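The data block below is upload38.cif; it holds mmCIF, C-alpha atoms.
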data_final
#
loop_
_atom_site.label_atom_id
_atom_site.label_comp_id
_atom_site.auth_asym_id
_atom_site.auth_seq_id
_atom_site.Cartn_x
_atom_site.Cartn_y
_atom_site.Cartn_z
CA MET A 1 -50.05 -73.45 14.77
CA ILE A 2 -53.12 -71.23 14.85
CA TRP A 3 -54.63 -70.93 18.33
CA GLY A 4 -57.78 -69.05 17.52
CA LEU A 5 -60.70 -67.30 19.15
CA PHE A 6 -63.89 -66.32 17.34
CA ALA A 7 -65.23 -62.93 18.44
CA THR A 8 -67.84 -60.48 17.20
CA LEU A 9 -67.82 -56.79 16.39
CA GLY A 10 -71.12 -56.73 14.53
CA HIS A 11 -73.91 -59.11 15.50
CA ASN A 12 -76.54 -58.93 12.76
CA MET A 13 -75.38 -62.16 11.18
CA TRP A 14 -76.56 -63.95 14.35
CA THR A 15 -79.91 -62.24 14.93
CA LYS A 16 -83.37 -62.78 13.49
CA GLU A 17 -84.16 -59.06 13.35
CA ASP A 18 -82.04 -56.05 12.47
CA GLN A 19 -80.54 -54.63 15.67
CA LYS A 20 -78.36 -51.72 16.72
CA LEU A 21 -74.67 -52.25 17.44
CA THR A 22 -74.17 -53.38 21.06
CA PHE A 23 -70.41 -54.06 21.04
CA SER A 24 -68.61 -53.22 24.32
CA GLU A 25 -65.04 -51.86 24.21
CA ASN A 26 -64.61 -52.84 27.86
CA ALA A 27 -65.55 -56.45 27.12
CA TRP A 28 -63.32 -56.48 24.03
CA ASN A 29 -60.27 -55.34 25.98
CA LYS A 30 -60.81 -57.96 28.68
CA ILE A 31 -61.17 -60.69 26.06
CA VAL A 32 -58.06 -59.62 24.16
CA ASP A 33 -55.98 -59.53 27.36
CA ALA A 34 -57.22 -62.98 28.38
CA ALA A 35 -56.53 -64.37 24.92
CA HIS A 36 -53.00 -63.01 25.04
CA GLU A 37 -52.39 -64.58 28.46
CA ALA A 38 -53.72 -67.93 27.21
CA GLY A 39 -51.37 -68.05 24.24
CA ILE A 40 -54.03 -67.37 21.61
CA ASN A 41 -52.37 -65.95 18.51
CA THR A 42 -55.37 -65.39 16.22
CA ILE A 43 -58.72 -63.66 16.74
CA ILE A 44 -61.28 -64.10 13.97
CA LEU A 45 -63.48 -61.00 14.19
CA ASP A 46 -67.00 -61.03 12.73
CA LEU A 47 -67.48 -57.55 11.26
CA GLY A 48 -70.91 -57.05 9.70
CA GLU A 49 -72.60 -53.80 10.68
CA GLY A 50 -69.75 -53.01 13.10
CA VAL A 51 -67.59 -51.42 10.37
CA ARG A 52 -68.06 -48.05 8.67
CA TRP A 53 -67.42 -49.50 5.24
CA GLU A 54 -66.13 -46.84 2.86
CA THR A 55 -67.39 -48.82 -0.14
CA HIS A 56 -70.83 -49.40 1.40
CA PRO A 57 -71.45 -47.03 4.32
CA GLU A 58 -75.14 -47.91 4.23
CA LEU A 59 -74.33 -51.20 6.02
CA ALA A 60 -72.94 -49.64 9.22
CA LYS A 61 -74.74 -48.94 12.49
CA ALA A 62 -74.10 -46.09 14.91
CA GLY A 63 -70.89 -46.75 16.84
CA ALA A 64 -69.25 -48.82 14.10
CA TRP A 65 -65.47 -48.84 13.89
CA GLY A 66 -63.91 -46.56 11.29
CA ARG A 67 -60.77 -47.04 9.24
CA GLU A 68 -58.32 -45.60 11.78
CA LYS A 69 -59.82 -47.51 14.69
CA ILE A 70 -59.56 -50.82 12.85
CA LYS A 71 -55.99 -50.25 11.74
CA SER A 72 -54.94 -49.20 15.25
CA GLU A 73 -56.47 -52.39 16.69
CA VAL A 74 -54.75 -54.54 14.07
CA LEU A 75 -51.40 -53.02 15.00
CA ARG A 76 -52.06 -53.17 18.75
CA LEU A 77 -52.89 -56.87 18.59
CA ARG A 78 -49.94 -57.59 16.30
CA ASP A 79 -47.67 -56.11 18.96
CA MET A 80 -49.23 -58.63 21.37
CA GLY A 81 -48.55 -61.49 18.96
CA ILE A 82 -52.17 -61.79 17.87
CA ALA A 83 -53.28 -61.70 14.22
CA LEU A 84 -56.68 -60.07 13.76
CA VAL A 85 -58.48 -61.91 10.94
CA PRO A 86 -61.46 -60.16 9.29
CA LYS A 87 -64.63 -62.21 8.92
CA ILE A 88 -67.69 -61.38 6.83
CA ASN A 89 -70.44 -63.99 6.79
CA LEU A 90 -71.81 -64.57 3.29
CA SER A 91 -74.01 -67.53 4.17
CA THR A 92 -77.61 -66.76 3.25
CA CYS A 93 -78.50 -68.03 6.72
CA HIS A 94 -76.36 -65.34 8.37
CA ASP A 95 -76.44 -62.27 6.15
CA LEU A 96 -78.96 -59.94 7.78
CA TRP A 97 -76.09 -57.46 8.12
CA LEU A 98 -75.98 -57.14 4.31
CA GLY A 99 -79.22 -55.16 4.39
CA PRO A 100 -80.77 -54.69 0.91
CA TYR A 101 -78.17 -56.93 -0.74
CA ARG A 102 -79.14 -60.08 1.13
CA THR A 103 -82.05 -60.65 -1.24
CA GLU A 104 -79.87 -60.08 -4.31
CA ILE A 105 -77.71 -63.22 -4.05
CA SER A 106 -76.01 -64.33 -7.27
CA LYS A 107 -76.96 -61.13 -9.09
CA PRO A 108 -74.47 -58.59 -10.52
CA VAL A 109 -75.05 -56.10 -7.67
CA TYR A 110 -74.40 -58.83 -5.09
CA TYR A 111 -71.16 -59.91 -6.70
CA GLN A 112 -69.97 -56.31 -6.85
CA VAL A 113 -70.79 -55.65 -3.17
CA VAL A 114 -69.06 -58.85 -2.06
CA ARG A 115 -65.94 -58.04 -4.07
CA ASP A 116 -65.92 -54.49 -2.66
CA LEU A 117 -66.12 -55.74 0.92
CA ILE A 118 -63.43 -58.41 0.47
CA ASN A 119 -61.03 -55.89 -1.07
CA GLU A 120 -61.77 -53.39 1.69
CA CYS A 121 -61.15 -56.06 4.35
CA TYR A 122 -57.70 -56.71 2.94
CA ASP A 123 -56.85 -53.01 3.09
CA LEU A 124 -58.43 -52.30 6.49
CA PHE A 125 -56.70 -55.22 8.18
CA LEU A 126 -53.31 -54.39 6.69
CA GLU A 127 -52.94 -57.33 4.31
CA PRO A 128 -54.07 -60.18 6.58
CA GLU A 129 -53.00 -63.73 5.83
CA TYR A 130 -56.62 -64.90 5.87
CA ILE A 131 -60.09 -63.51 5.18
CA HIS A 132 -62.91 -65.56 6.69
CA LEU A 133 -66.12 -65.74 4.62
CA GLY A 134 -68.36 -67.60 7.08
CA MET A 135 -70.61 -69.79 4.89
CA ASP A 136 -72.05 -71.89 7.72
CA GLU A 137 -75.51 -73.42 7.99
CA GLU A 138 -76.75 -72.56 4.52
CA GLY A 139 -79.65 -74.90 3.75
CA ASP A 140 -83.27 -75.76 4.38
CA LEU A 141 -83.12 -77.03 7.99
CA THR A 142 -81.17 -74.15 9.46
CA HIS A 143 -83.14 -71.55 7.56
CA GLN A 144 -86.36 -72.90 9.04
CA VAL A 145 -84.88 -72.54 12.51
CA CYS A 146 -83.30 -69.10 11.95
CA TYR A 147 -85.63 -67.27 9.58
CA SER A 148 -89.24 -68.42 9.55
CA ASN A 149 -90.29 -65.63 7.18
CA LEU A 150 -87.59 -66.03 4.54
CA ILE A 151 -86.07 -69.21 3.17
CA ARG A 152 -83.69 -68.80 0.26
CA TYR A 153 -80.31 -70.36 -0.25
CA ARG A 154 -77.89 -71.54 -2.92
CA LYS A 155 -77.92 -75.10 -4.15
CA GLY A 156 -76.18 -77.30 -6.70
CA ASP A 157 -74.11 -75.68 -9.43
CA LEU A 158 -74.97 -72.17 -8.22
CA LEU A 159 -73.61 -72.95 -4.76
CA TRP A 160 -70.30 -74.26 -6.06
CA HIS A 161 -70.00 -71.39 -8.54
CA ASP A 162 -70.55 -68.74 -5.88
CA LEU A 163 -68.30 -70.44 -3.35
CA ASN A 164 -65.38 -70.72 -5.76
CA TRP A 165 -65.98 -67.19 -7.03
CA MET A 166 -65.74 -65.88 -3.45
CA PHE A 167 -62.54 -67.84 -2.91
CA ASP A 168 -61.04 -66.32 -6.04
CA CYS A 169 -61.97 -62.83 -4.83
CA VAL A 170 -60.04 -63.42 -1.61
CA ARG A 171 -57.08 -65.02 -3.39
CA SER A 172 -56.87 -62.07 -5.78
CA THR A 173 -56.05 -59.83 -2.79
CA GLY A 174 -53.18 -62.06 -1.70
CA ALA A 175 -55.03 -63.58 1.28
CA THR A 176 -56.19 -67.16 1.78
CA PRO A 177 -59.95 -67.80 2.06
CA TRP A 178 -61.16 -69.38 5.31
CA ILE A 179 -64.67 -70.79 5.82
CA TRP A 180 -66.70 -72.88 8.21
CA ALA A 181 -66.65 -76.43 6.85
CA ASP A 182 -70.42 -77.06 6.77
CA PHE A 183 -70.59 -77.89 3.06
CA CYS A 184 -67.66 -80.28 3.40
CA MET A 185 -69.09 -81.94 6.50
CA ASN A 186 -72.65 -82.27 5.21
CA ASP A 187 -72.08 -82.89 1.50
CA PHE A 188 -68.60 -84.37 1.53
CA ASP A 189 -68.51 -86.01 -1.92
CA ASN A 190 -69.79 -82.95 -3.78
CA PHE A 191 -67.52 -80.62 -1.83
CA VAL A 192 -64.44 -82.68 -2.72
CA LYS A 193 -65.60 -82.85 -6.34
CA ASN A 194 -66.20 -79.11 -6.69
CA VAL A 195 -63.77 -77.36 -4.33
CA SER A 196 -59.98 -77.49 -4.68
CA THR A 197 -57.81 -78.16 -1.66
CA GLU A 198 -55.31 -75.53 -2.81
CA ASN A 199 -54.97 -72.29 -0.87
CA LEU A 200 -58.04 -72.81 1.31
CA LEU A 201 -58.57 -73.15 5.06
CA ILE A 202 -61.68 -74.77 6.51
CA SER A 203 -62.98 -74.99 10.07
CA PRO A 204 -65.10 -78.03 10.89
CA TRP A 205 -67.04 -77.24 14.05
CA TYR A 206 -68.49 -79.59 16.62
CA TYR A 207 -69.67 -78.77 20.14
CA PHE A 208 -70.62 -82.08 21.74
CA ALA A 209 -68.85 -85.23 22.93
CA PHE A 210 -66.98 -87.59 20.60
CA LYS A 211 -67.04 -90.64 22.86
CA GLU A 212 -70.36 -92.45 23.08
CA GLU A 213 -70.12 -92.92 26.83
CA HIS A 214 -70.31 -89.13 27.12
CA PHE A 215 -73.21 -88.57 24.71
CA ARG A 216 -76.21 -86.58 25.98
CA TYR A 217 -79.67 -88.07 26.15
CA HIS A 218 -82.18 -86.35 23.91
CA GLU A 219 -84.20 -85.17 26.89
CA GLU A 220 -87.61 -83.59 26.82
CA GLY A 221 -87.32 -79.83 27.20
CA SER A 222 -83.91 -79.51 25.55
CA ALA A 223 -83.45 -77.23 22.56
CA GLY A 224 -82.84 -80.27 20.38
CA TYR A 225 -85.99 -81.93 21.63
CA ILE A 226 -88.08 -78.85 20.86
CA ASN A 227 -86.71 -78.71 17.32
CA ALA A 228 -87.48 -82.40 16.95
CA GLN A 229 -91.14 -81.60 17.60
CA ARG A 230 -91.12 -78.73 15.11
CA TYR A 231 -89.24 -80.64 12.39
CA PRO A 232 -89.71 -84.35 13.20
CA TYR A 233 -88.58 -85.52 9.74
CA ASN A 234 -85.07 -84.34 10.60
CA PHE A 235 -84.87 -85.90 14.07
CA MET A 236 -86.54 -89.33 13.94
CA ASN A 237 -85.44 -92.04 16.37
CA ILE A 238 -82.77 -90.01 18.08
CA LYS A 239 -81.52 -91.30 21.42
CA TYR A 240 -78.73 -88.79 21.93
CA GLU A 241 -78.17 -85.17 20.93
CA GLU A 242 -75.06 -86.39 19.12
CA ASP A 243 -77.25 -88.60 16.89
CA LYS A 244 -78.71 -85.64 15.00
CA PRO A 245 -77.89 -86.21 11.32
CA LEU A 246 -75.94 -82.99 10.84
CA LEU A 247 -73.92 -83.53 14.00
CA LYS A 248 -73.07 -87.10 13.05
CA LEU A 249 -71.87 -85.97 9.64
CA ALA A 250 -69.80 -83.19 11.17
CA ARG A 251 -68.19 -85.59 13.64
CA GLU A 252 -67.55 -88.34 11.13
CA ASN A 253 -66.26 -86.24 8.21
CA MET A 254 -63.58 -84.19 9.98
CA VAL A 255 -60.76 -86.70 9.54
CA PRO A 256 -61.75 -87.71 5.97
CA ALA A 257 -61.67 -84.02 4.99
CA ALA A 258 -58.13 -83.71 6.29
CA LYS A 259 -57.14 -86.94 4.55
CA ALA A 260 -58.63 -85.57 1.31
CA GLY A 261 -56.08 -82.75 1.51
CA TYR A 262 -57.94 -79.82 3.08
CA ASP A 263 -56.03 -77.68 5.56
CA MET A 264 -58.17 -77.16 8.65
CA VAL A 265 -58.54 -75.43 11.99
CA PRO A 266 -61.18 -77.43 13.91
CA CYS A 267 -63.45 -75.42 16.20
CA THR A 268 -64.61 -76.26 19.73
CA SER A 269 -67.13 -74.50 21.95
CA ASP A 270 -68.63 -74.65 25.42
CA CYS A 271 -71.85 -73.07 24.14
CA TYR A 272 -73.76 -76.26 25.04
CA GLU A 273 -71.80 -76.72 28.27
CA CYS A 274 -70.37 -80.06 27.18
CA GLU A 275 -67.29 -80.56 29.35
CA TYR A 276 -65.98 -83.27 27.04
CA ASN A 277 -66.11 -81.35 23.77
CA THR A 278 -62.80 -79.49 23.72
CA PRO A 279 -60.46 -82.25 24.99
CA GLU A 280 -62.17 -84.97 22.95
CA LEU A 281 -62.07 -82.93 19.74
CA PHE A 282 -58.36 -82.25 20.26
CA GLU A 283 -57.71 -85.93 20.96
CA HIS A 284 -59.76 -87.11 17.96
CA ILE A 285 -57.99 -84.82 15.53
CA LYS A 286 -54.46 -85.18 16.90
CA PHE A 287 -54.43 -88.97 16.80
CA ASN A 288 -56.48 -89.59 13.64
CA ALA A 289 -55.94 -86.76 11.15
CA PRO A 290 -52.77 -86.21 9.09
CA GLU A 291 -50.59 -83.83 11.08
CA GLU A 292 -49.62 -81.69 8.11
CA ARG A 293 -53.26 -80.75 7.44
CA ILE A 294 -54.02 -79.52 10.96
CA LYS A 295 -53.06 -75.87 11.02
CA GLY A 296 -54.37 -75.25 14.52
CA PHE A 297 -57.52 -75.14 16.63
CA MET A 298 -59.99 -72.44 17.59
CA THR A 299 -62.88 -71.90 19.95
CA ALA A 300 -66.18 -70.08 19.36
CA PRO A 301 -67.91 -69.00 22.60
CA TRP A 302 -70.99 -67.83 20.66
CA GLY A 303 -71.52 -64.85 22.89
CA HIS A 304 -71.56 -61.34 21.48
CA THR A 305 -68.86 -58.99 22.79
CA VAL A 306 -70.79 -57.38 25.65
CA ASP A 307 -69.99 -57.23 29.35
CA ALA A 308 -72.61 -59.84 30.27
CA ASN A 309 -70.85 -62.46 28.11
CA VAL A 310 -67.26 -61.92 29.26
CA GLU A 311 -67.27 -64.74 31.81
CA LYS A 312 -68.59 -67.23 29.25
CA ILE A 313 -66.02 -66.14 26.67
CA LEU A 314 -63.17 -66.39 29.17
CA LYS A 315 -64.23 -69.94 30.02
CA ASN A 316 -63.93 -70.93 26.35
CA ILE A 317 -60.49 -69.34 26.18
CA SER A 318 -59.45 -71.30 29.26
CA LEU A 319 -60.72 -74.61 27.86
CA LEU A 320 -58.78 -74.09 24.65
CA ALA A 321 -55.65 -73.20 26.59
CA GLU A 322 -55.94 -76.36 28.72
CA ALA A 323 -56.35 -78.62 25.69
CA LYS A 324 -53.53 -76.83 23.87
CA LYS A 325 -51.18 -77.51 26.76
CA LYS A 326 -52.33 -81.11 27.26
CA TYR A 327 -52.11 -82.26 23.64
CA TYR A 328 -49.49 -79.94 22.16
CA GLY A 329 -47.46 -78.81 25.15
CA GLU A 330 -47.98 -75.15 24.31
#
Could you rewrite the structure in this file as structure tokens?
Amino acid sequence: MIWGLFATLGHNMWTKEDQKLTFSENAWNKIVDAAHEAGINTIILDLGEGVRWETHPELAKAGAWGREKIKSEVLRLRDMGIALVPKINLSTCHDLWLGPYRTEISKPVYYQVVRDLINECYDLFLEPEYIHLGMDEEGDLTHQVCYSNLIRYRKGDLLWHDLNWMFDCVRSTGATPWIWADFCMNDFDNFVKNVSTENLLISPWYYFAFKEEHFRYHEEGSAGYINAQRYPYNFMNIKYEEDKPLLKLARENMVPAAKAGYDMVPCTSDCYECEYNTPELFEHIKFNAPEERIKGFMTAPWGHTVDANVEKILKNISLLAEAKKKYYGE
């Protein structure tokens, strides 16, 4: 089973403006040690501008990890029993790190850059079993929230073409592609129609309660409430945070995706401080989804790797470890 932790090296896939690299080695070492103690065996590392890419050095920021540093960390973590999985986010909602290429989607130069980076990932991380491509939150709603000055994203046949092309790029290296399951959760029928279950790993994510008695009221002043005022057509007649359309789809389509044949590693998080999320997600998946399709679980603290976020990240590690022990005895 994969017991995974999402962590960041670069951060410009999660920012609205281009920023310098702020990664902390001290925070990283504390997180890795805690993950090891908790029985985590996989860290999915978001790379972005945190790598001195040999194929595209123009993407790196000062302080980025070079080839020898990355390979030494891969080997160090392997000795600890932790696989370090490279992640590059190719969602148009999270590609600020791609610099000039982010506005060239689906053009020859874009395809070449993406292929270069995927091939380099496979080499840098010493032939990893997986390469994570991100691909979360691509669409009109999330772009409005994330980038008010630029809304552009793939849709229809172009989306499915690009997605499958990226998967083939990863498979050609010998690795298995891994993505966030947003397209499957939010457009289930078209995803099943256009994306093969073979040699693919998806991570449906959900960060709130599963049981209605634990749902949160959609209270005035909450982040969800504020977005409801900005984009009321997306949030009409919502009593609970969990009633948001995208969250309902994510919650309701996890098990059907597994039953349709997709291998998955569901993702929890304490980023919204929902004490019920991690145990209820574990319970929901363990007792409803086909066992052979559940390849593990992961947590995403959604805090960049800096000293100020260590406590929050360690809490997420602890919550995953508790659920792992309770539901799987590990």
Requested in this report: Spell out the residues picked by the PyMOL selection byres ((chain A and resi 297-313) around 10) here, as an NGL selection string.
Outcome: :A and (1-11 or 14 or 22-31 or 34-35 or 40 or 42-44 or 46 or 203-205 or 207 or 264-272 or 278 or 281-282 or 285 or 294-296 or 314-321 or 323-324)
Write out, as a PDB file, keeping the file's coordinate frame, the residues just selected, with C-alpha atoms.
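So selection-v3.pdb came out as:
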ATOM      1  CA  MET A   1     -50.050 -73.450  14.770  1.00  0.00           C
ATOM      2  CA  ILE A   2     -53.120 -71.230  14.850  1.00  0.00           C
ATOM      3  CA  TRP A   3     -54.630 -70.930  18.330  1.00  0.00           C
ATOM      4  CA  GLY A   4     -57.780 -69.050  17.520  1.00  0.00           C
ATOM      5  CA  LEU A   5     -60.700 -67.300  19.150  1.00  0.00           C
ATOM      6  CA  PHE A   6     -63.890 -66.320  17.340  1.00  0.00           C
ATOM      7  CA  ALA A   7     -65.230 -62.930  18.440  1.00  0.00           C
ATOM      8  CA  THR A   8     -67.840 -60.480  17.200  1.00  0.00           C
ATOM      9  CA  LEU A   9     -67.820 -56.790  16.390  1.00  0.00           C
ATOM     10  CA  GLY A  10     -71.120 -56.730  14.530  1.00  0.00           C
ATOM     11  CA  HIS A  11     -73.910 -59.110  15.500  1.00  0.00           C
ATOM     12  CA  TRP A  14     -76.560 -63.950  14.350  1.00  0.00           C
ATOM     13  CA  THR A  22     -74.170 -53.380  21.060  1.00  0.00           C
ATOM     14  CA  PHE A  23     -70.410 -54.060  21.040  1.00  0.00           C
ATOM     15  CA  SER A  24     -68.610 -53.220  24.320  1.00  0.00           C
ATOM     16  CA  GLU A  25     -65.040 -51.860  24.210  1.00  0.00           C
ATOM     17  CA  ASN A  26     -64.610 -52.840  27.860  1.00  0.00           C
ATOM     18  CA  ALA A  27     -65.550 -56.450  27.120  1.00  0.00           C
ATOM     19  CA  TRP A  28     -63.320 -56.480  24.030  1.00  0.00           C
ATOM     20  CA  ASN A  29     -60.270 -55.340  25.980  1.00  0.00           C
ATOM     21  CA  LYS A  30     -60.810 -57.960  28.680  1.00  0.00           C
ATOM     22  CA  ILE A  31     -61.170 -60.690  26.060  1.00  0.00           C
ATOM     23  CA  ALA A  34     -57.220 -62.980  28.380  1.00  0.00           C
ATOM     24  CA  ALA A  35     -56.530 -64.370  24.920  1.00  0.00           C
ATOM     25  CA  ILE A  40     -54.030 -67.370  21.610  1.00  0.00           C
ATOM     26  CA  THR A  42     -55.370 -65.390  16.220  1.00  0.00           C
ATOM     27  CA  ILE A  43     -58.720 -63.660  16.740  1.00  0.00           C
ATOM     28  CA  ILE A  44     -61.280 -64.100  13.970  1.00  0.00           C
ATOM     29  CA  ASP A  46     -67.000 -61.030  12.730  1.00  0.00           C
ATOM     30  CA  SER A 203     -62.980 -74.990  10.070  1.00  0.00           C
ATOM     31  CA  PRO A 204     -65.100 -78.030  10.890  1.00  0.00           C
ATOM     32  CA  TRP A 205     -67.040 -77.240  14.050  1.00  0.00           C
ATOM     33  CA  TYR A 207     -69.670 -78.770  20.140  1.00  0.00           C
ATOM     34  CA  MET A 264     -58.170 -77.160   8.650  1.00  0.00           C
ATOM     35  CA  VAL A 265     -58.540 -75.430  11.990  1.00  0.00           C
ATOM     36  CA  PRO A 266     -61.180 -77.430  13.910  1.00  0.00           C
ATOM     37  CA  CYS A 267     -63.450 -75.420  16.200  1.00  0.00           C
ATOM     38  CA  THR A 268     -64.610 -76.260  19.730  1.00  0.00           C
ATOM     39  CA  SER A 269     -67.130 -74.500  21.950  1.00  0.00           C
ATOM     40  CA  ASP A 270     -68.630 -74.650  25.420  1.00  0.00           C
ATOM     41  CA  CYS A 271     -71.850 -73.070  24.140  1.00  0.00           C
ATOM     42  CA  TYR A 272     -73.760 -76.260  25.040  1.00  0.00           C
ATOM     43  CA  THR A 278     -62.800 -79.490  23.720  1.00  0.00           C
ATOM     44  CA  LEU A 281     -62.070 -82.930  19.740  1.00  0.00           C
ATOM     45  CA  PHE A 282     -58.360 -82.250  20.260  1.00  0.00           C
ATOM     46  CA  ILE A 285     -57.990 -84.820  15.530  1.00  0.00           C
ATOM     47  CA  ILE A 294     -54.020 -79.520  10.960  1.00  0.00           C
ATOM     48  CA  LYS A 295     -53.060 -75.870  11.020  1.00  0.00           C
ATOM     49  CA  GLY A 296     -54.370 -75.250  14.520  1.00  0.00           C
ATOM     50  CA  LEU A 314     -63.170 -66.390  29.170  1.00  0.00           C
ATOM     51  CA  LYS A 315     -64.230 -69.940  30.020  1.00  0.00           C
ATOM     52  CA  ASN A 316     -63.930 -70.930  26.350  1.00  0.00           C
ATOM     53  CA  ILE A 317     -60.490 -69.340  26.180  1.00  0.00           C
ATOM     54  CA  SER A 318     -59.450 -71.300  29.260  1.00  0.00           C
ATOM     55  CA  LEU A 319     -60.720 -74.610  27.860  1.00  0.00           C
ATOM     56  CA  LEU A 320     -58.780 -74.090  24.650  1.00  0.00           C
ATOM     57  CA  ALA A 321     -55.650 -73.200  26.590  1.00  0.00           C
ATOM     58  CA  ALA A 323     -56.350 -78.620  25.690  1.00  0.00           C
ATOM     59  CA  LYS A 324     -53.530 -76.830  23.870  1.00  0.00           C
TER      60      LYS A 324
END
For the provided coordinates, the residues matched by the PyMOL selection byres ((chain A and resi 129) around 12) should be stated as a JSON list (two decimals) with C-alpha atoms, in the frame of the given file.
[["chain", "number", "residue", "atom", "x", "y", "z"],
["A", 2, "ILE", "CA", -53.12, -71.23, 14.85],
["A", 42, "THR", "CA", -55.37, -65.39, 16.22],
["A", 44, "ILE", "CA", -61.28, -64.10, 13.97],
["A", 83, "ALA", "CA", -53.28, -61.70, 14.22],
["A", 84, "LEU", "CA", -56.68, -60.07, 13.76],
["A", 85, "VAL", "CA", -58.48, -61.91, 10.94],
["A", 86, "PRO", "CA", -61.46, -60.16, 9.29],
["A", 121, "CYS", "CA", -61.15, -56.06, 4.35],
["A", 122, "TYR", "CA", -57.70, -56.71, 2.94],
["A", 123, "ASP", "CA", -56.85, -53.01, 3.09],
["A", 125, "PHE", "CA", -56.70, -55.22, 8.18],
["A", 126, "LEU", "CA", -53.31, -54.39, 6.69],
["A", 127, "GLU", "CA", -52.94, -57.33, 4.31],
["A", 128, "PRO", "CA", -54.07, -60.18, 6.58],
["A", 130, "TYR", "CA", -56.62, -64.90, 5.87],
["A", 131, "ILE", "CA", -60.09, -63.51, 5.18],
["A", 132, "HIS", "CA", -62.91, -65.56, 6.69],
["A", 170, "VAL", "CA", -60.04, -63.42, -1.61],
["A", 171, "ARG", "CA", -57.08, -65.02, -3.39],
["A", 173, "THR", "CA", -56.05, -59.83, -2.79],
["A", 174, "GLY", "CA", -53.18, -62.06, -1.70],
["A", 175, "ALA", "CA", -55.03, -63.58, 1.28],
["A", 176, "THR", "CA", -56.19, -67.16, 1.78],
["A", 177, "PRO", "CA", -59.95, -67.80, 2.06],
["A", 178, "TRP", "CA", -61.16, -69.38, 5.31],
["A", 199, "ASN", "CA", -54.97, -72.29, -0.87],
["A", 200, "LEU", "CA", -58.04, -72.81, 1.31],
["A", 201, "LEU", "CA", -58.57, -73.15, 5.06]]
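Once the PyMOL selection byres ((chain A and resi 90-101) around 6) is applied to this file, the selection holds A:Asn12, A:Met13, A:Gly48, A:Glu49, A:Asn89, A:Arg102, A:Thr103, A:Glu104, A:Leu133, A:Gly134, A:Met135, A:Asp136, A:Glu138, A:His143, A:Tyr153.
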Query raised in the report: How many Å lie between atom CA of A:Glu68 and atom CA of A:Met80, rounded to one decimal?
Result: 18.6 Å
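Nearest to A:Ala209 of all the residues A:Pro256, A:Pro279, A:Gly66, A:Gly50 is A:Pro279, counting all atoms listed in the file.
Every protein or nucleic acid residue with an atom no more than 8 Å from stretch 186-195 of chain A, counting only C-alpha atoms and leaving out same-chain residues fewer than 4 positions away, appears here: Trp160, Asn164, Asp182, Leu246, Leu249, Ala250, Asn253, Ala257 and Ala260 of chain A.
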Requested in this report: Have a look at atom CA of A:Glu212 and atom CA of A:Lys286 and let me know their distance in Å, one decimal.
Outcome: 18.5 Å
Need to verify the contact set: A:Glu241, 8 Å, all atoms listed in the file, exclusion of same-chain residues closer than 6 positions in sequence. Can you return it as a PDB file with C-alpha atoms, keeping the file's coordinate frame?
ATOM      1  CA  PHE A 215     -73.210 -88.570  24.710  1.00  0.00           C
ATOM      2  CA  ARG A 216     -76.210 -86.580  25.980  1.00  0.00           C
ATOM      3  CA  TYR A 217     -79.670 -88.070  26.150  1.00  0.00           C
ATOM      4  CA  HIS A 218     -82.180 -86.350  23.910  1.00  0.00           C
ATOM      5  CA  GLY A 224     -82.840 -80.270  20.380  1.00  0.00           C
TER       6      GLY A 224
END
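Between A:Lys71 and the candidates A:Ala38, A:Ile202, A:Cys169, A:Leu124, the tightest atom-to-atom separation, counting all atoms listed in the file, involves A:Leu124.
Between atom CA of A:Ala64 and atom CA of A:Leu77 the separation is 18.8 Å.
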From the structure just shown, export stretch 239-245 of chain A with N, CA, C and O atoms as a CSV table (one decimal), in the first residue's frame.
chain,number,residue,atom,x,y,z
A,239,LYS,N,-26.8,24.9,2.0
A,239,LYS,CA,-26.9,24.9,3.4
A,239,LYS,C,-25.6,24.5,4.1
A,239,LYS,O,-25.2,25.1,5.2
A,240,TYR,N,-24.8,23.6,3.5
A,240,TYR,CA,-23.6,23.2,4.1
A,240,TYR,C,-22.4,23.4,3.1
A,240,TYR,O,-22.6,23.4,1.9
A,241,GLU,N,-21.2,23.5,3.6
A,241,GLU,CA,-20.0,23.6,2.8
A,241,GLU,C,-20.0,22.4,1.8
A,241,GLU,O,-19.6,22.5,0.7
A,242,GLU,N,-20.3,21.2,2.4
A,242,GLU,CA,-20.3,20.0,1.6
A,242,GLU,C,-21.3,19.9,0.5
A,242,GLU,O,-21.2,19.0,-0.3
A,243,ASP,N,-22.2,20.9,0.4
A,243,ASP,CA,-23.2,20.9,-0.6
A,243,ASP,C,-22.7,21.6,-1.9
A,243,ASP,O,-23.4,21.6,-2.9
A,244,LYS,N,-21.5,22.2,-1.9
A,244,LYS,CA,-21.0,22.8,-3.1
A,244,LYS,C,-21.0,21.7,-4.2
A,244,LYS,O,-20.6,20.6,-4.0
A,245,PRO,N,-21.4,22.1,-5.4
A,245,PRO,CA,-21.5,21.1,-6.5
A,245,PRO,C,-20.2,20.3,-6.7
A,245,PRO,O,-20.3,19.1,-6.8
